[in-house]
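Asker: Okay, so here is model-v3.txt, and as you'll see once you scroll down, it has compact mmCIF, C-alpha atoms.
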```txt
# COMPACT_ATOMS: atom_id res chain seq x y z
CA MET Y 11 42.11 118.92 23.59
CA HIS Y 12 43.72 120.76 26.52
CA ILE Y 13 43.84 124.58 26.31
CA VAL Y 14 45.49 126.90 28.86
CA ILE Y 15 44.21 130.48 28.80
CA ASP Y 16 45.01 133.68 30.70
CA GLU Y 17 42.05 134.17 33.02
CA ASN Y 18 41.80 137.86 32.15
CA ILE Y 19 41.01 137.30 28.46
CA PRO Y 20 37.26 137.81 27.79
CA GLU Y 21 34.84 135.56 25.92
CA THR Y 22 37.13 132.51 26.01
CA GLN Y 23 34.23 130.16 26.72
CA VAL Y 24 34.08 129.55 22.95
CA PHE Y 25 37.24 127.45 23.24
CA ALA Y 26 35.44 125.01 25.57
CA GLN Y 27 33.52 123.50 22.64
CA PHE Y 28 36.78 121.84 21.60
CA GLY Y 29 38.02 120.48 24.91
CA ARG Y 30 39.18 121.24 28.42
CA VAL Y 31 39.93 124.89 29.19
CA VAL Y 32 42.17 125.73 32.16
CA LYS Y 33 42.39 129.39 33.19
CA ARG Y 34 45.40 130.79 35.02
CA ALA Y 35 46.63 134.24 36.08
CA GLY Y 36 48.82 135.50 33.24
CA ARG Y 37 51.95 136.17 35.30
CA ALA Y 38 51.59 132.83 37.09
CA ILE Y 39 51.33 130.48 34.09
CA SER Y 40 54.03 127.86 34.67
CA ALA Y 41 55.72 124.99 32.86
CA ALA Y 42 53.62 122.59 34.94
CA ASP Y 43 50.43 124.30 33.73
CA VAL Y 44 51.26 123.82 30.06
CA ARG Y 45 53.00 120.44 30.14
CA GLU Y 46 49.97 118.56 28.80
CA ALA Y 47 48.43 121.50 26.93
CA ASP Y 48 47.83 121.49 23.19
CA ALA Y 49 47.37 125.26 23.01
CA LEU Y 50 48.32 128.30 25.06
CA ILE Y 51 46.42 131.60 24.85
CA VAL Y 52 48.07 134.58 26.57
CA ARG Y 53 48.40 138.34 26.87
CA SER Y 54 51.55 140.47 26.97
CA ILE Y 55 52.34 139.74 30.64
CA THR Y 56 53.20 136.08 30.02
CA GLN Y 57 56.75 135.35 28.84
CA VAL Y 58 56.47 132.48 26.36
CA ASN Y 59 59.91 130.95 25.92
CA ARG Y 60 61.99 127.79 26.27
CA GLU Y 61 61.74 127.88 30.06
CA LEU Y 62 57.94 127.76 29.86
CA LEU Y 63 57.42 125.38 26.94
CA GLN Y 64 60.33 122.93 26.86
CA GLY Y 65 59.00 119.39 27.17
CA SER Y 66 55.39 120.49 26.81
CA ALA Y 67 52.81 119.28 24.30
CA VAL Y 68 51.97 122.81 23.14
CA LYS Y 69 51.48 123.03 19.38
CA PHE Y 70 49.86 126.48 19.16
CA VAL Y 71 50.46 129.78 20.97
CA GLY Y 72 48.13 132.72 20.52
CA THR Y 73 48.58 136.15 22.09
CA CYS Y 74 45.52 138.39 22.17
CA THR Y 75 47.71 141.46 21.74
CA ILE Y 76 49.28 143.53 18.99
CA GLY Y 77 52.84 143.08 20.23
CA THR Y 78 54.98 139.93 20.29
CA ASP Y 79 57.98 141.02 22.36
CA HIS Y 80 56.87 138.62 25.13
CA LEU Y 81 57.12 135.67 22.72
CA ASP Y 82 60.48 134.02 22.00
CA LEU Y 83 59.77 133.69 18.29
CA ASP Y 84 63.12 132.07 17.51
CA TYR Y 85 62.38 129.30 19.98
CA LEU Y 86 58.79 128.83 18.81
CA ASN Y 87 59.90 128.61 15.18
CA SER Y 88 62.75 126.23 15.99
CA GLN Y 89 60.30 123.90 17.73
CA LYS Y 90 57.74 124.24 14.92
CA ILE Y 91 55.19 125.60 17.40
CA ALA Y 92 52.62 127.66 15.52
CA TRP Y 93 52.07 131.14 16.90
CA THR Y 94 49.94 134.14 16.10
CA ASN Y 95 49.15 137.56 17.49
CA ALA Y 96 46.20 139.91 16.99
CA PRO Y 97 47.51 142.92 15.04
CA GLY Y 98 45.21 145.91 15.25
CA CYS Y 99 42.79 144.32 17.71
CA ASN Y 100 42.98 147.19 20.20
CA ALA Y 101 44.47 149.86 17.93
CA GLN Y 102 41.29 151.93 17.96
CA ALA Y 103 41.17 151.84 21.76
CA VAL Y 104 44.73 153.19 21.94
CA VAL Y 105 43.86 155.93 19.45
CA GLU Y 106 40.88 156.93 21.59
CA TYR Y 107 43.08 156.89 24.71
CA VAL Y 108 45.47 159.34 23.03
CA LEU Y 109 42.65 161.58 21.83
CA ALA Y 110 41.18 161.70 25.33
CA ALA Y 111 44.61 162.41 26.82
CA LEU Y 112 45.13 165.26 24.36
CA GLN Y 113 41.84 166.78 25.42
CA VAL Y 114 42.85 166.60 29.09
CA LEU Y 115 46.23 168.18 28.34
CA ALA Y 116 44.57 170.96 26.36
CA GLN Y 117 42.23 171.71 29.26
CA ARG Y 118 45.01 171.67 31.86
CA THR Y 119 47.50 173.76 29.92
CA GLY Y 120 45.08 176.06 28.17
CA GLY Y 121 46.54 174.94 24.87
CA THR Y 122 44.83 174.75 21.50
CA LEU Y 123 45.28 171.49 19.61
CA SER Y 124 45.00 173.11 16.18
CA GLN Y 125 48.11 175.21 16.84
CA ARG Y 126 50.31 172.22 17.65
CA VAL Y 127 52.44 170.00 15.41
CA PHE Y 128 51.94 166.29 16.07
CA GLY Y 129 54.77 163.80 15.77
CA ILE Y 130 53.94 160.08 15.72
CA VAL Y 131 56.82 157.70 16.33
CA GLY Y 132 55.85 154.28 15.01
CA ALA Y 133 53.46 154.07 12.08
CA GLY Y 134 51.95 150.63 12.53
CA GLN Y 135 48.30 149.85 13.21
CA VAL Y 136 47.98 152.44 15.99
CA GLY Y 137 50.25 155.12 14.60
CA GLN Y 138 48.65 155.13 11.14
CA ARG Y 139 45.13 155.24 12.57
CA LEU Y 140 46.05 158.08 14.89
CA ALA Y 141 47.66 159.99 12.04
CA ASN Y 142 44.55 159.53 9.90
CA VAL Y 143 42.26 160.83 12.63
CA LEU Y 144 44.45 163.84 13.42
CA ARG Y 145 44.75 164.75 9.75
CA LYS Y 146 40.99 164.48 9.27
CA LEU Y 147 40.65 166.90 12.16
CA GLY Y 148 42.88 169.30 10.26
CA TYR Y 149 46.06 168.97 12.34
CA GLN Y 150 49.64 168.90 11.06
CA VAL Y 151 51.17 165.44 11.52
CA LEU Y 152 54.69 164.10 10.97
CA LEU Y 153 55.50 160.36 11.01
CA CYS Y 154 58.71 158.59 11.97
CA ASP Y 155 59.16 154.89 11.20
CA PRO Y 156 62.35 153.97 9.27
CA PRO Y 157 61.44 150.28 8.59
CA ARG Y 158 58.03 151.23 7.26
CA GLN Y 159 59.56 154.05 5.28
CA GLN Y 160 61.72 151.49 3.48
CA LEU Y 161 58.72 149.26 2.78
CA GLU Y 162 56.70 152.17 1.43
CA ALA Y 163 59.45 153.74 -0.65
CA ALA Y 164 57.09 154.21 -3.57
CA SER Y 165 54.26 155.52 -1.40
CA VAL Y 166 53.12 159.14 -1.21
CA GLN Y 167 53.31 158.79 2.58
CA GLU Y 168 56.08 161.03 3.88
CA TYR Y 169 58.31 160.12 6.80
CA VAL Y 170 60.89 162.08 8.75
CA GLU Y 171 63.78 161.23 11.06
CA LEU Y 172 63.36 161.20 14.84
CA ALA Y 173 65.57 164.30 15.03
CA THR Y 174 63.03 166.13 12.87
CA ILE Y 175 60.18 165.05 15.15
CA LEU Y 176 62.11 166.39 18.15
CA ALA Y 177 62.89 169.67 16.39
CA LYS Y 178 59.48 170.43 14.85
CA CYS Y 179 56.80 168.76 16.99
CA ASP Y 180 55.38 169.90 20.31
CA VAL Y 181 53.17 166.81 20.67
CA ILE Y 182 54.93 163.43 20.39
CA SER Y 183 53.02 160.16 20.66
CA ILE Y 184 54.97 156.89 20.73
CA HIS Y 185 53.56 153.72 19.13
CA THR Y 186 56.52 151.46 18.41
CA PRO Y 187 57.11 147.84 19.38
CA LEU Y 188 59.96 147.16 21.78
CA ASP Y 189 62.90 145.97 19.69
CA LYS Y 190 66.33 145.54 21.28
CA SER Y 191 68.10 144.98 17.98
CA GLY Y 192 66.61 144.57 14.51
CA ASN Y 193 66.43 147.26 11.84
CA TRP Y 194 65.19 149.91 14.25
CA PRO Y 195 66.20 149.34 17.89
CA THR Y 196 63.62 151.03 20.08
CA LEU Y 197 64.94 150.12 23.53
CA HIS Y 198 65.61 153.51 25.20
CA MET Y 199 65.00 155.26 21.89
CA PHE Y 200 64.15 158.26 24.05
CA SER Y 201 67.28 158.52 26.18
CA ALA Y 202 68.64 161.59 27.98
CA GLN Y 203 69.86 163.04 24.67
CA GLN Y 204 66.48 162.85 22.94
CA LEU Y 205 64.60 164.07 26.01
CA ALA Y 206 66.90 167.08 26.27
CA ALA Y 207 66.03 167.92 22.65
CA LEU Y 208 62.27 168.18 23.31
CA GLN Y 209 60.87 171.57 22.37
CA PRO Y 210 59.64 173.86 25.18
CA GLY Y 211 56.11 172.95 26.24
CA THR Y 212 56.15 169.57 24.49
CA TRP Y 213 53.49 166.99 25.32
CA LEU Y 214 55.02 163.49 25.35
CA ILE Y 215 52.73 160.43 25.30
CA ASN Y 216 53.85 156.81 25.54
CA ALA Y 217 51.20 154.13 25.02
CA ALA Y 218 53.56 151.60 23.42
CA ARG Y 219 56.15 149.88 25.64
CA GLY Y 220 57.66 151.37 28.78
CA ALA Y 221 61.30 150.78 27.90
CA VAL Y 222 61.08 152.77 24.67
CA ILE Y 223 61.71 155.71 27.02
CA ASP Y 224 64.58 155.48 29.48
CA ASN Y 225 62.44 156.02 32.58
CA GLN Y 226 65.36 157.09 34.80
CA SER Y 227 66.40 159.71 32.26
CA LEU Y 228 62.80 160.87 31.96
CA LEU Y 229 62.59 161.28 35.73
CA ALA Y 230 65.76 163.38 35.75
CA CYS Y 231 64.43 165.43 32.85
CA LEU Y 232 61.07 166.15 34.48
CA LEU Y 233 62.75 167.19 37.73
CA GLN Y 234 64.51 169.89 35.73
CA ARG Y 235 61.89 170.82 33.13
CA LYS Y 236 58.49 171.87 34.41
CA ASP Y 237 57.43 172.95 30.92
CA LEU Y 238 56.95 169.39 29.69
CA ALA Y 239 53.64 167.51 30.00
CA VAL Y 240 53.97 163.73 30.01
CA VAL Y 241 51.37 160.96 29.71
CA LEU Y 242 52.58 157.44 30.47
CA ASP Y 243 50.48 154.31 30.15
CA VAL Y 244 53.49 151.99 30.06
CA TRP Y 245 56.42 151.73 32.43
CA GLU Y 246 59.95 150.47 32.96
CA PRO Y 247 59.63 148.03 34.58
CA GLU Y 248 56.10 146.70 34.96
CA PRO Y 249 54.32 146.14 37.20
CA GLU Y 250 56.73 147.77 39.72
CA PHE Y 251 56.61 151.27 38.21
CA ASN Y 252 58.51 154.27 39.63
CA PRO Y 253 56.03 156.32 41.74
CA GLU Y 254 58.28 159.38 41.70
CA LEU Y 255 58.16 159.46 37.92
CA ALA Y 256 54.44 158.72 37.85
CA ALA Y 257 53.75 161.62 40.22
CA LEU Y 258 55.41 164.02 37.77
CA CYS Y 259 53.21 162.88 34.87
CA GLN Y 260 50.10 164.77 33.88
CA LEU Y 261 48.42 161.38 33.41
CA ALA Y 262 49.71 158.06 34.74
CA THR Y 263 47.75 154.92 33.88
CA PRO Y 264 48.39 151.17 34.40
CA HIS Y 265 48.98 149.91 30.83
CA ILE Y 266 45.31 150.08 29.87
CA ALA Y 267 45.35 152.29 26.76
CA GLY Y 268 44.09 149.40 24.63
CA TYR Y 269 41.71 148.03 27.26
CA SER Y 270 38.40 148.69 25.58
CA LEU Y 271 36.00 145.77 25.84
CA ASP Y 272 35.66 145.83 22.06
CA GLY Y 273 39.43 145.62 21.59
CA LYS Y 274 39.76 142.75 24.05
CA ILE Y 275 36.96 140.76 22.45
CA ARG Y 276 38.33 141.50 18.99
CA GLY Y 277 41.67 140.07 20.11
CA THR Y 278 40.01 136.91 21.44
CA GLU Y 279 38.06 136.57 18.21
CA MET Y 280 41.18 136.86 16.05
CA ILE Y 281 43.07 134.26 18.08
CA PHE Y 282 40.06 131.94 18.19
CA ASN Y 283 39.77 132.05 14.39
CA ALA Y 284 43.50 131.33 14.02
CA PHE Y 285 43.20 128.48 16.54
CA CYS Y 286 40.34 126.91 14.57
CA GLN Y 287 42.25 127.27 11.32
CA HIS Y 288 45.43 125.72 12.75
CA PHE Y 289 43.67 122.67 14.18
CA ASN Y 290 41.21 122.46 11.25
CA LEU Y 291 38.17 122.87 13.52
CA THR Y 292 34.66 124.10 12.73
CA ALA Y 293 33.09 126.21 15.45
CA ASN Y 294 29.47 125.68 16.44
CA THR Y 295 29.34 128.87 18.50
CA ARG Y 296 30.94 132.25 17.85
CA ILE Y 297 31.91 135.23 19.96
CA LYS Y 298 29.26 137.91 20.50
CA TYR Y 299 29.79 141.55 21.45
CA PRO Y 300 27.53 142.78 24.28
CA GLU Y 301 25.13 145.65 23.74
CA PRO Y 302 26.63 148.98 24.86
CA LEU Y 303 25.12 150.82 27.81
CA LEU Y 304 25.20 154.20 26.03
CA GLN Y 305 24.06 153.81 22.44
CA ALA Y 306 23.27 157.31 21.17
CA ILE Y 307 23.96 160.94 21.96
CA LYS Y 308 22.28 164.08 20.62
CA LEU Y 309 24.34 167.23 20.19
CA SER Y 310 23.22 170.77 19.43
CA SER Y 311 24.09 171.73 15.88
CA ALA Y 312 24.77 175.23 17.24
CA ALA Y 313 27.76 173.92 19.22
CA SER Y 314 31.29 174.57 17.93
CA VAL Y 315 33.31 171.75 16.44
CA GLU Y 316 35.94 172.29 19.13
CA SER Y 317 33.43 171.86 21.96
CA MET Y 318 31.95 168.80 20.25
CA ARG Y 319 35.40 167.27 19.90
CA GLY Y 320 36.16 167.90 23.55
CA LEU Y 321 32.95 166.21 24.66
CA LEU Y 322 33.06 163.27 22.25
CA THR Y 323 36.68 162.30 22.91
CA THR Y 324 35.94 161.87 26.63
CA VAL Y 325 32.26 160.88 26.71
CA LEU Y 326 32.96 157.13 26.77
CA TYR Y 327 36.44 157.25 28.27
CA ASP Y 328 38.17 159.80 30.51
CA PRO Y 329 41.78 158.86 31.42
CA ARG Y 330 41.58 160.95 34.59
CA THR Y 331 39.62 158.10 36.17
CA ASP Y 332 42.45 155.63 35.56
CA ASP Y 333 45.00 158.23 36.62
CA ALA Y 334 43.23 158.73 39.95
CA ALA Y 335 43.09 154.96 40.58
CA MET Y 336 46.81 154.58 39.87
CA ARG Y 337 47.78 157.48 42.13
CA MET Y 338 46.25 155.56 45.02
CA LEU Y 339 49.15 153.11 44.63
CA PHE Y 340 51.97 155.64 44.97
CA ARG Y 341 52.53 155.32 48.72
CA LEU Y 342 52.57 151.53 48.77
CA ALA Y 343 55.69 149.38 49.00
CA ALA Y 344 57.14 148.26 45.66
CA GLN Y 345 55.68 144.74 45.77
CA GLN Y 346 52.28 146.08 46.80
CA ARG Y 347 52.42 148.63 43.98
CA GLY Y 348 53.06 145.83 41.50
CA THR Y 349 50.16 143.80 42.88
CA GLY Y 350 47.93 146.86 42.77
CA PHE Y 351 49.01 147.65 39.21
CA ASP Y 352 48.02 144.16 38.07
CA SER Y 353 44.78 144.37 40.06
CA LEU Y 354 43.75 147.57 38.26
CA ARG Y 355 44.25 145.78 34.96
CA LYS Y 356 42.55 142.56 36.03
CA ASN Y 357 39.49 144.36 37.42
CA TYR Y 358 39.29 147.00 34.72
CA PRO Y 359 35.76 148.38 34.23
CA ILE Y 360 33.85 148.05 30.97
CA ARG Y 361 34.92 150.63 28.43
CA ARG Y 362 33.44 150.80 24.95
CA GLU Y 363 34.78 152.33 21.75
CA LEU Y 364 33.29 155.33 19.98
CA ALA Y 365 32.11 153.19 17.07
CA THR Y 366 29.46 151.75 19.41
CA LEU Y 367 27.95 155.23 19.79
CA ARG Y 368 25.50 156.81 17.35
CA ILE Y 369 24.96 160.55 16.88
CA SER Y 370 21.29 161.48 16.68
CA GLY Y 371 19.81 164.82 15.70
CA GLN Y 372 19.73 166.89 12.52
CA GLY Y 373 21.15 170.02 10.97
CA TYR Y 374 24.83 169.25 11.50
CA THR Y 375 27.25 171.19 9.33
CA ALA Y 376 29.69 169.55 6.95
CA GLU Y 377 32.54 170.34 9.36
CA GLN Y 378 30.65 168.75 12.25
CA GLN Y 379 29.90 165.66 10.20
CA LEU Y 380 33.58 165.42 9.26
CA LEU Y 381 34.37 165.35 12.98
CA PHE Y 382 31.90 162.49 13.49
CA GLN Y 383 33.46 160.56 10.62
CA ALA Y 384 36.99 161.11 11.93
CA LEU Y 385 35.96 159.67 15.30
CA GLN Y 386 34.11 156.76 13.60
CA LEU Y 387 30.75 157.89 14.95
CA SER Y 388 27.68 157.03 12.86
CA LEU Y 389 24.82 159.41 12.26
```
Please rewrite the model in this file as structure tokens.

Answerer:
Amino acid sequence: MHIVIDENIPETQVFAQFGRVVKRAGRAISAADVREADALIVRSITQVNRELLQGSAVKFVGTCTIGTDHLDLDYLNSQKIAWTNAPGCNAQAVVEYVLAALQVLAQRTGGTLSQRVFGIVGAGQVGQRLANVLRKLGYQVLLCDPPRQQLEAASVQEYVELATILAKCDVISIHTPLDKSGNWPTLHMFSAQQLAALQPGTWLINAARGAVIDNQSLLACLLQRKDLAVVLDVWEPEPEFNPELAALCQLATPHIAGYSLDGKIRGTEMIFNAFCQHFNLTANTRIKYPEPLLQAIKLSSAASVESMRGLLTTVLYDPRTDDAAMRMLFRLAAQQRGTGFDSLRKNYPIRRELATLRISGQGYTAEQQLLFQALQLSL
């Protein structure tokens, strides 16, 4: 069996037990690379379509990502090429990115999280998890997701329109797929009109897809409104992001919100299992998660819940590090910025999720223990 895999996907050596594995840079995977391949394993930067696959032997495509907007599903289905994605694989990493970003924004603006109203646009794997965490922390949360609202018509889950989010929320976090048509078109969902409707002092976070926000309109908006605080992890376009827009963001990062090692390996594991099932294969070896460097932390039970939350949401990941690395790219030429953007992603340092960390110590209050549970920390 011949398997072509994006070289930046971790733990793919498990595929080698079934045949020849060829690794290629994700953006450089070509029709020639996959012509004789039985399977193709990618990330979101590889466009999988007729141009890439026509005339190839590919029977299975797996993307180690939540999204599928880089896959031409109509073409894959028409050619009876099996495909699968990894829904939820890095959802927790994105949630932890947002929580860390919120902590940074609170520190920089002097704001108090408990006094804000949180609006989550897109209630899929990431959005629902984020809503659950924020609600466990005692915050007011509103959700907007019309397609999911229709599916959950009988549910107690309440949804609101985007206009309500804009009118009532001063923190808005975007977690939608990029859909140019469909039941809920999200391309430029946040255009000049929606951006103008943001409440004074709003924090706007996009860790979904860059084009959900009209980046040119956002730039014009930020040049006029200094009251807004924006965090962007995704850009329009990528990898050649707009440095003028990035410079106006409180945090600018190179599409790494979901880049925890645990999320990456989880994605590989999900695609590997689907690959084995599709080809009716039995694996002799399985994927293993490495032991974390930091395994436990002891906190004083006399500390406030707010100070504990501030420490815990940034102890394993601080987005200011990624922000600083990306700002080094601002003065480069466009092509060099794009190369640098991809390099930051390719050479991303090891980052673990909070679930790998244990809280030691005794005497924690019920409120403190609720914080640990909300962040998925074990005692």

Asker: In Å, rounded to a single decimal, give me how far CA of Gln260 in chain Y is from CA of Leu115 in chain Y.

Answerer: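 Atom-to-atom, CA of Leu115 in chain Y and CA of Gln260 in chain Y are spaced 7.6 Å apart.
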
Asker: Mind running range 43-76 of chain Y against range 14-36 of chain Y at 7 Å and telling me each contacting residue's nearest atom pair with the distance in Å (one decimal), counting all atoms listed in the file, chain and number ascending, as JSON lines?

Answerer:
```
{"residue": "Y:Val44", "atom": "CA", "partner": "Y:Val14", "partner_atom": "CA", "distance": 6.6}
{"residue": "Y:Ala47", "atom": "CA", "partner": "Y:Val14", "partner_atom": "CA", "distance": 6.4}
{"residue": "Y:Ala49", "atom": "CA", "partner": "Y:Val14", "partner_atom": "CA", "distance": 6.4}
{"residue": "Y:Leu50", "atom": "CA", "partner": "Y:Val14", "partner_atom": "CA", "distance": 4.9}
{"residue": "Y:Ile51", "atom": "CA", "partner": "Y:Ile15", "partner_atom": "CA", "distance": 4.7}
{"residue": "Y:Val52", "atom": "CA", "partner": "Y:Asp16", "partner_atom": "CA", "distance": 5.2}
{"residue": "Y:Arg53", "atom": "CA", "partner": "Y:Asp16", "partner_atom": "CA", "distance": 6.9}
{"residue": "Y:Ile55", "atom": "CA", "partner": "Y:Gly36", "partner_atom": "CA", "distance": 6.1}
{"residue": "Y:Thr56", "atom": "CA", "partner": "Y:Gly36", "partner_atom": "CA", "distance": 5.5}
```

Asker: Which of these, Y:Cys74, Y:Ile175, Y:Ala92, Y:Pro329, has the shortest distance to Phe289 in chain Y once you count all atoms listed in the file?

Answerer: Y:Ala92

Asker: With only C-alpha atoms as the counted atoms, please give the residues lying no more than 8 Å from range 60-66 of chain Y, apart from itself and same-chain residues fewer than 6 positions off, as number ranges by chain.

Answerer: Y: 40-41, 44-47, 82, 85

Asker: Dump as a PyMOL selection string all residues having an atom at most 8 Å from (57.1, 159.1, 17.2), computed in the file's coordinates with only C-alpha atoms.

Answerer: chain Y and resi 129-132+153-155+172+175+182-186

Asker: Interatomic distance between CA of Val58 in chain Y and CA of Val71 in chain Y?

Answerer: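 About the pair CA of Val58 in chain Y and CA of Val71 in chain Y: they are 8.5 Å apart.
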
Asker: Can I get the residues of range 218-306 of chain Y within 9 Å of range 341-354 of chain Y, each with the closest pair of atoms and their distance in Å to one decimal, using all atoms listed in the file, sorted chain first then ascending number, as CSV?

Answerer:
```
residue,atom,partner,partner_atom,distance
Y:Glu248,CA,Y:Gly348,CA,7.3
Y:Pro249,CA,Y:Gly348,CA,4.5
Y:Glu250,CA,Y:Gly348,CA,4.5
Y:Phe251,CA,Y:Gly348,CA,7.3
Y:Asn252,CA,Y:Ala344,CA,8.6
Y:Pro253,CA,Y:Arg341,CA,7.9
Y:Pro264,CA,Y:Phe351,CA,6.0
Y:His265,CA,Y:Phe351,CA,8.7
Y:Ile266,CA,Y:Leu354,CA,8.9
```

Asker: Go ahead and write the residues just picked, C-alpha atoms, as a tab-separated table (two decimals), in the frame of the given file.

Answerer:
```
chain	number	residue	atom	x	y	z
Y	248	GLU	CA	56.10	146.70	34.96
Y	249	PRO	CA	54.32	146.14	37.20
Y	250	GLU	CA	56.73	147.77	39.72
Y	251	PHE	CA	56.61	151.27	38.21
Y	252	ASN	CA	58.51	154.27	39.63
Y	253	PRO	CA	56.03	156.32	41.74
Y	264	PRO	CA	48.39	151.17	34.40
Y	265	HIS	CA	48.98	149.91	30.83
Y	266	ILE	CA	45.31	150.08	29.87
```

Asker: Of the candidates Y:Asn95, Y:Arg337, Y:Asp48, Y:Ser370, which shows the shortest atom-to-atom distance to Thr278 in chain Y, using only C-alpha atoms?

Answerer: Y:Asn95

Asker: With a distance cut-off of 12 Å and all atoms listed in the file, select the neighbouring residues of Glu301 in chain Y, excluding the residue or stretch itself and same-chain residues fewer than 3 positions from it, and output the selection as an NGL selection string.

Answerer: :Y and (271-272 or 298 or 304-305 or 360-363 or 366-367)

Asker: Which protein, DNA or RNA residues are at most 10 Å from (36.7, 138.7, 16.8) in the file's coordinates when you count only C-alpha atoms, listed as an NGL selection string?

Answerer: :Y and (21 or 96 or 99 or 272-283 or 296-299)

Asker: Could you save the residues just selected, with C-alpha atoms, as a compact mmCIF listing (two decimals), keeping the file's coordinate frame?

Answerer:
```txt
# COMPACT_ATOMS: atom_id res chain seq x y z
CA GLU Y 21 34.84 135.56 25.92
CA ALA Y 96 46.20 139.91 16.99
CA CYS Y 99 42.79 144.32 17.71
CA ASP Y 272 35.66 145.83 22.06
CA GLY Y 273 39.43 145.62 21.59
CA LYS Y 274 39.76 142.75 24.05
CA ILE Y 275 36.96 140.76 22.45
CA ARG Y 276 38.33 141.50 18.99
CA GLY Y 277 41.67 140.07 20.11
CA THR Y 278 40.01 136.91 21.44
CA GLU Y 279 38.06 136.57 18.21
CA MET Y 280 41.18 136.86 16.05
CA ILE Y 281 43.07 134.26 18.08
CA PHE Y 282 40.06 131.94 18.19
CA ASN Y 283 39.77 132.05 14.39
CA ARG Y 296 30.94 132.25 17.85
CA ILE Y 297 31.91 135.23 19.96
CA LYS Y 298 29.26 137.91 20.50
CA TYR Y 299 29.79 141.55 21.45
```
